[in-house]
Amino acid sequence: MWCSRLLSYPLSQGQCSSYRARAALAQLNHVLEAELESIRGAGTWKSERIITSKQGPHIHVEGSRGEILNFCANNYLGLSSHPEVIRSGLEALEKFGAGLSSVRFICGTQNIHKNLEEKISRFHQREDAILYASCFDANAGIFEALLTPEDAVLSDELNHASIIDGIRLCKANKYRYKHMDMQDLEAKLQDAQKHRLRLVATDGAFSMDGDIAPLKEICSLAQKYQALVFIDECHATGFLGPNGRGTDELLGVMDQVDIVNSTLGKALGGAAGGYTTGPKALIDLLRQRSRPYLFSNSLPPAVVGCASKALDLLMESNAIAQSMVAKTRRFRSKMAAAGFSISGNDHPICPVMLGKARLASVMADDMLERGIYVIGFSYPVVPKGKARIRVQISAVHSEDDIDRCVEAFTEVGRKHGALP
């Protein structure tokens, strides 16, 4: 009886607010749990394995015995743990501190930042460069600052998520052309003639498929229709082309590509950071209007030191970059001979096409049991029905490493019916 009297008392305003807050949180948890369960049910759940060593071709993984061969890092040149790169980072940390606690235009620009920007522009043979916390930020910051409702941007349908998101932020007229389809691009360029500026945006090398944009044809169409060319070189800088300058050097169109965005977080030391390099007037505009640049802390000195040394090593000799070619061909040819379908062409990104998400996931798990670290990729990272295990070759992989990886794939592929 006393309970009924208690429940009949009106709740205070504070109690009502607390109840509504708990109800909202309970509703949120219900929605989130349903979404998470659908991801698990689809076989696309992504777990994070824990590495307990430096990045490199041979690593230690929590829960696994002994050394594991790593075939899924973006450490294309093996510079992530290069002793000279590490030493340079430590020296910068000691001399310039842990960080700037500031954005660049307030009190966050040190001489090492300006020196690295100059080195990047010299490496790419451009007028100037600007640093960002990541290439995702560089892509988020360029289109909105450069393009207006009077302009048009034409984007490959398989461009990286950061390019897609960056384009969404701008107010330009948006065109999406079929993947590497020059007829479709030309049709879109014809339609875009009514706009002031036209910018063709493409990945130089596509990270999920290992294919390379047809830059000669893109640049030819850009000249024909008075368009600018932008390329994202995250999976090309440092190792494609005679001197590792990227796809524009590889395909002989460095003087026809107007804007290059790339990363310091893959081949160039692997720590963090991204950049835009191109005409000085563009870089000056980005320093004034690019929101990720204006509202993000400066790159930490240790990251700047590591990236600077990585560029030094690359500009001193192209031997590391050139070593990638033979190793990539060895892996691709041996996997094809074993019966696997490998996407792309002559790129160290070697997607082993499997189709089903669950198959990619269980095969990747079995590969780890055999001492090979690879990861399965499935929707939404890649289209439905095109799940794969993406293998990435590094300059510091030995031929024995590559052969061992192929042998493990063959064994696991037969076990799960991916091979006859």
# chains A, B, ... in the order shown; residues from 1 in each chain; ligands from 1
call {"tool": "residues_around", "arguments": {"residues": "Arg245 of chain A", "least_positions_apart": "4", "cutoff": "12 Å", "atoms": "only C-alpha atoms", "output": "VMD selection string"}}
result
chain A and resid 120 to 126 204 233 to 241 249 to 254 260 262 267 to 268 311 314 to 315 318 321 to 322
call {"tool": "residues_around", "arguments": {"residues": "His82 of chain A", "least_positions_apart": "2", "cutoff": "10 Å", "atoms": "only C-alpha atoms", "output": "ChimeraX atom specification"}}
result
/A:55-56,77-80,84-87,269,306,309-310
call {"tool": "closest_atom_pairs", "arguments": {"of": "segment 247-360 of chain A", "to": "segment 129-145 of chain A", "cutoff": "9 Å", "atoms": "only C-alpha atoms", "output": "JSON lines"}}
result
{"residue": "A:Asn261", "atom": "CA", "partner": "A:Ala138", "partner_atom": "CA", "distance": 6.8}
{"residue": "A:Ser262", "atom": "CA", "partner": "A:Cys135", "partner_atom": "CA", "distance": 5.8}
{"residue": "A:Thr263", "atom": "CA", "partner": "A:Cys135", "partner_atom": "CA", "distance": 5.2}
{"residue": "A:Leu264", "atom": "CA", "partner": "A:Ser134", "partner_atom": "CA", "distance": 7.8}
{"residue": "A:Gly265", "atom": "CA", "partner": "A:Ser134", "partner_atom": "CA", "distance": 7.6}
{"residue": "A:Ala272", "atom": "CA", "partner": "A:Ser134", "partner_atom": "CA", "distance": 6.1}
{"residue": "A:Gly273", "atom": "CA", "partner": "A:Ser134", "partner_atom": "CA", "distance": 4.1}
{"residue": "A:Gly274", "atom": "CA", "partner": "A:Cys135", "partner_atom": "CA", "distance": 4.0}
{"residue": "A:Tyr275", "atom": "CA", "partner": "A:Leu131", "partner_atom": "CA", "distance": 4.5}
{"residue": "A:Thr276", "atom": "CA", "partner": "A:Ile130", "partner_atom": "CA", "distance": 5.4}
{"residue": "A:Thr277", "atom": "CA", "partner": "A:Ala129", "partner_atom": "CA", "distance": 4.1}
{"residue": "A:Gly278", "atom": "CA", "partner": "A:Ala129", "partner_atom": "CA", "distance": 6.5}
{"residue": "A:Pro279", "atom": "CA", "partner": "A:Ala129", "partner_atom": "CA", "distance": 8.4}
{"residue": "A:Lys280", "atom": "CA", "partner": "A:Ala129", "partner_atom": "CA", "distance": 7.8}
{"residue": "A:Ile283", "atom": "CA", "partner": "A:Ala129", "partner_atom": "CA", "distance": 6.3}
{"residue": "A:Asp284", "atom": "CA", "partner": "A:Ile130", "partner_atom": "CA", "distance": 8.7}
{"residue": "A:Leu285", "atom": "CA", "partner": "A:Ala145", "partner_atom": "CA", "distance": 7.5}
{"residue": "A:Leu286", "atom": "CA", "partner": "A:Ala145", "partner_atom": "CA", "distance": 6.5}
{"residue": "A:Arg287", "atom": "CA", "partner": "A:Ile130", "partner_atom": "CA", "distance": 7.6}
{"residue": "A:Gln288", "atom": "CA", "partner": "A:Ala145", "partner_atom": "CA", "distance": 8.9}
{"residue": "A:Arg289", "atom": "CA", "partner": "A:Ala145", "partner_atom": "CA", "distance": 5.7}
{"residue": "A:Ser290", "atom": "CA", "partner": "A:Gly141", "partner_atom": "CA", "distance": 4.8}
{"residue": "A:Arg291", "atom": "CA", "partner": "A:Gly141", "partner_atom": "CA", "distance": 5.9}
{"residue": "A:Pro292", "atom": "CA", "partner": "A:Gly141", "partner_atom": "CA", "distance": 5.7}
{"residue": "A:Tyr293", "atom": "CA", "partner": "A:Tyr132", "partner_atom": "CA", "distance": 6.0}
{"residue": "A:Ser296", "atom": "CA", "partner": "A:Ala133", "partner_atom": "CA", "distance": 7.2}
{"residue": "A:Asn297", "atom": "CA", "partner": "A:Ala133", "partner_atom": "CA", "distance": 7.6}
{"residue": "A:Ser298", "atom": "CA", "partner": "A:Ala133", "partner_atom": "CA", "distance": 7.0}
{"residue": "A:Leu299", "atom": "CA", "partner": "A:Ala133", "partner_atom": "CA", "distance": 5.8}
call {"tool": "residues_around", "arguments": {"residues": "Glu62 of chain A", "least_positions_apart": "6", "cutoff": "8 Å", "atoms": "only C-alpha atoms", "output": "PyMOL selection string"}}
result
chain A and resi 49-52
call {"tool": "select_by_dssp", "arguments": {"residues": "segment 163-359 of chain A", "states": "strand (DSSP E or B)", "output": "JSON, numbers by chain"}}
result
{"A": [173, 174, 175, 176, 177, 198, 199, 200, 201, 202, 203, 205, 212, 228, 229, 230, 231, 232, 259, 260, 261, 262, 263, 274, 275, 276, 277, 278, 297, 342, 349, 350, 351, 352, 353, 354, 355]}
call {"tool": "write_last_selection", "arguments": {"atoms": "C-alpha atoms", "output": "CSV table (one decimal), in the first residue's frame"}}
result
chain,number,residue,atom,x,y,z
A,173,ASN,CA,28.8,20.9,-59.0
A,174,LYS,CA,29.7,17.2,-58.6
A,175,TYR,CA,30.2,14.6,-61.3
A,176,ARG,CA,31.1,10.9,-60.7
A,177,TYR,CA,32.6,9.0,-63.6
A,198,ARG,CA,36.8,21.9,-63.9
A,199,LEU,CA,38.8,19.7,-61.6
A,200,VAL,CA,39.3,16.0,-62.3
A,201,ALA,CA,40.0,14.1,-59.0
A,202,THR,CA,41.4,10.6,-58.9
A,203,ASP,CA,43.5,8.3,-56.8
A,205,ALA,CA,46.8,4.1,-57.2
A,212,ILE,CA,46.8,2.6,-61.4
A,228,LEU,CA,42.7,20.8,-63.8
A,229,VAL,CA,44.0,17.4,-62.6
A,230,PHE,CA,44.2,16.4,-58.9
A,231,ILE,CA,45.7,13.1,-57.7
A,232,ASP,CA,45.9,11.4,-54.3
A,259,ILE,CA,47.8,19.2,-57.6
A,260,VAL,CA,49.2,16.3,-55.6
A,261,ASN,CA,47.9,15.2,-52.2
A,262,SER,CA,49.8,12.5,-50.3
A,263,THR,CA,50.8,11.1,-47.0
A,274,GLY,CA,49.8,14.5,-45.0
A,275,TYR,CA,50.3,17.3,-47.5
A,276,THR,CA,49.2,19.1,-50.6
A,277,THR,CA,51.8,20.2,-53.1
A,278,GLY,CA,51.2,22.3,-56.2
A,297,ASN,CA,47.5,21.3,-34.2
A,342,ILE,CA,44.9,-11.2,-58.1
A,349,ILE,CA,49.0,-3.9,-53.3
A,350,CYS,CA,48.0,-7.4,-54.3
A,351,PRO,CA,44.3,-8.1,-53.6
A,352,VAL,CA,43.5,-11.8,-53.4
A,353,MET,CA,39.9,-11.9,-54.6
A,354,LEU,CA,37.7,-14.3,-52.7
A,355,GLY,CA,34.2,-12.9,-53.1
call {"tool": "closest_residue", "arguments": {"among": "A:Tyr76, A:Glu118, A:Ile218, A:Lys266", "to": "Gln183 of chain A", "atoms": "only C-alpha atoms"}}
result
A:Ile218
call {"tool": "residues_around", "arguments": {"residues": "Gln110 of chain A", "least_positions_apart": "5", "cutoff": "12 Å", "atoms": "only C-alpha atoms", "output": "list in words"}}
result
Ala92, Lys95, Phe96, Gly97, Gly99, Leu100, Ser102, Val103, Arg104, Phe105, Asn115, Leu116, Glu117, Ser298, Leu299, Pro300, Pro301, Val304 and Gly305 of chain A
call {"tool": "closest_residue", "arguments": {"among": "A:Gln256, A:Ser207, A:Gln226, A:Asn345", "to": "Asn74 of chain A", "atoms": "only C-alpha atoms"}}
result
A:Ser207
call {"tool": "closest_residue", "arguments": {"among": "A:Arg370, A:Lys386, A:His195, A:Lys54", "to": "Glu407 of chain A", "atoms": "only C-alpha atoms"}}
result
A:Arg370
call {"tool": "closest_residue", "arguments": {"among": "A:Gly385, A:Gly166, A:Gly417, A:Gly339", "to": "Met363 of chain A", "atoms": "only C-alpha atoms"}}
result
A:Gly417
call {"tool": "atom_distance", "arguments": {"atom1": "atom CA of Glu186 of chain A", "atom2": "atom CA of Leu282 of chain A"}}
result
25.6 Å
call {"tool": "closest_residue", "arguments": {"among": "A:Met367, A:Ala418, A:Met182, A:Val325", "to": "Phe71 of chain A", "atoms": "only C-alpha atoms"}}
result
A:Met367
call {"tool": "atom_distance", "arguments": {"atom1": "atom CA of Leu36 of chain A", "atom2": "atom CA of Val381 of chain A"}}
result
16.0 Å
call {"tool": "closest_residue", "arguments": {"among": "A:Met180, A:Leu154, A:Ile167, A:Leu25", "to": "Ala222 of chain A", "atoms": "only C-alpha atoms"}}
result
A:Leu154
call {"tool": "atom_distance", "arguments": {"atom1": "atom CA of Pro149 of chain A", "atom2": "atom CA of Phe206 of chain A"}}
result
28.2 Å
call {"tool": "residues_around", "arguments": {"residues": "Asp346 of chain A", "least_positions_apart": "2", "cutoff": "10 Å", "atoms": "only C-alpha atoms", "output": "list in words"}}
result
Gly210, Asp211, Ile212, Met324, Val325, Ala326, Thr328, Arg329, Arg332, Ser343, Gly344, Pro348, Ile349 and Cys350 of chain A
call {"tool": "write_last_selection", "arguments": {"atoms": "N, CA, C and O atoms", "output": "short mmCIF file (atom, residue, chain, number, x, y, z; two decimals), in the first residue's frame"}}
result
data_model
loop_
_atom_site.label_atom_id
_atom_site.label_comp_id
_atom_site.auth_asym_id
_atom_site.auth_seq_id
_atom_site.Cartn_x
_atom_site.Cartn_y
_atom_site.Cartn_z
N GLY A 210 44.54 -2.13 -56.25
CA GLY A 210 45.91 -2.22 -56.76
C GLY A 210 46.06 -1.82 -58.21
O GLY A 210 47.05 -2.17 -58.86
N ASP A 211 45.07 -1.08 -58.75
CA ASP A 211 45.22 -0.62 -60.13
C ASP A 211 45.62 0.85 -60.15
O ASP A 211 45.46 1.58 -59.17
N ILE A 212 46.16 1.26 -61.29
CA ILE A 212 46.76 2.60 -61.42
C ILE A 212 45.94 3.42 -62.40
O ILE A 212 45.59 2.95 -63.49
N MET A 324 61.20 -2.87 -55.16
CA MET A 324 59.81 -3.31 -55.05
C MET A 324 59.34 -4.08 -56.26
O MET A 324 58.51 -4.98 -56.16
N VAL A 325 59.84 -3.73 -57.43
CA VAL A 325 59.29 -4.25 -58.68
C VAL A 325 59.41 -5.77 -58.76
O VAL A 325 58.42 -6.48 -58.99
N ALA A 326 60.63 -6.28 -58.56
CA ALA A 326 60.86 -7.72 -58.69
C ALA A 326 60.09 -8.50 -57.63
O ALA A 326 59.54 -9.58 -57.91
N THR A 328 57.29 -7.63 -56.10
CA THR A 328 55.87 -7.60 -56.42
C THR A 328 55.54 -8.62 -57.51
O THR A 328 54.57 -9.37 -57.42
N ARG A 329 56.36 -8.66 -58.55
CA ARG A 329 56.12 -9.60 -59.65
C ARG A 329 56.25 -11.05 -59.18
O ARG A 329 55.50 -11.93 -59.63
N ARG A 332 52.95 -11.89 -57.27
CA ARG A 332 51.80 -11.96 -58.17
C ARG A 332 51.86 -13.19 -59.07
O ARG A 332 50.85 -13.88 -59.27
N SER A 343 43.89 -8.99 -58.15
CA SER A 343 43.46 -7.75 -58.80
C SER A 343 44.64 -6.80 -59.01
O SER A 343 45.69 -6.94 -58.39
N GLY A 344 44.43 -5.82 -59.89
CA GLY A 344 45.46 -4.81 -60.12
C GLY A 344 46.53 -5.28 -61.07
O GLY A 344 46.49 -6.38 -61.62
N PRO A 348 52.39 -3.10 -55.64
CA PRO A 348 52.62 -3.92 -54.44
C PRO A 348 51.37 -4.19 -53.62
O PRO A 348 51.40 -5.04 -52.73
N ILE A 349 50.28 -3.47 -53.87
CA ILE A 349 48.99 -3.87 -53.32
C ILE A 349 48.49 -5.02 -54.19
O ILE A 349 48.25 -4.84 -55.39
N CYS A 350 48.34 -6.19 -53.58
CA CYS A 350 47.96 -7.40 -54.32
C CYS A 350 46.69 -7.99 -53.71
O CYS A 350 46.77 -8.86 -52.83
#
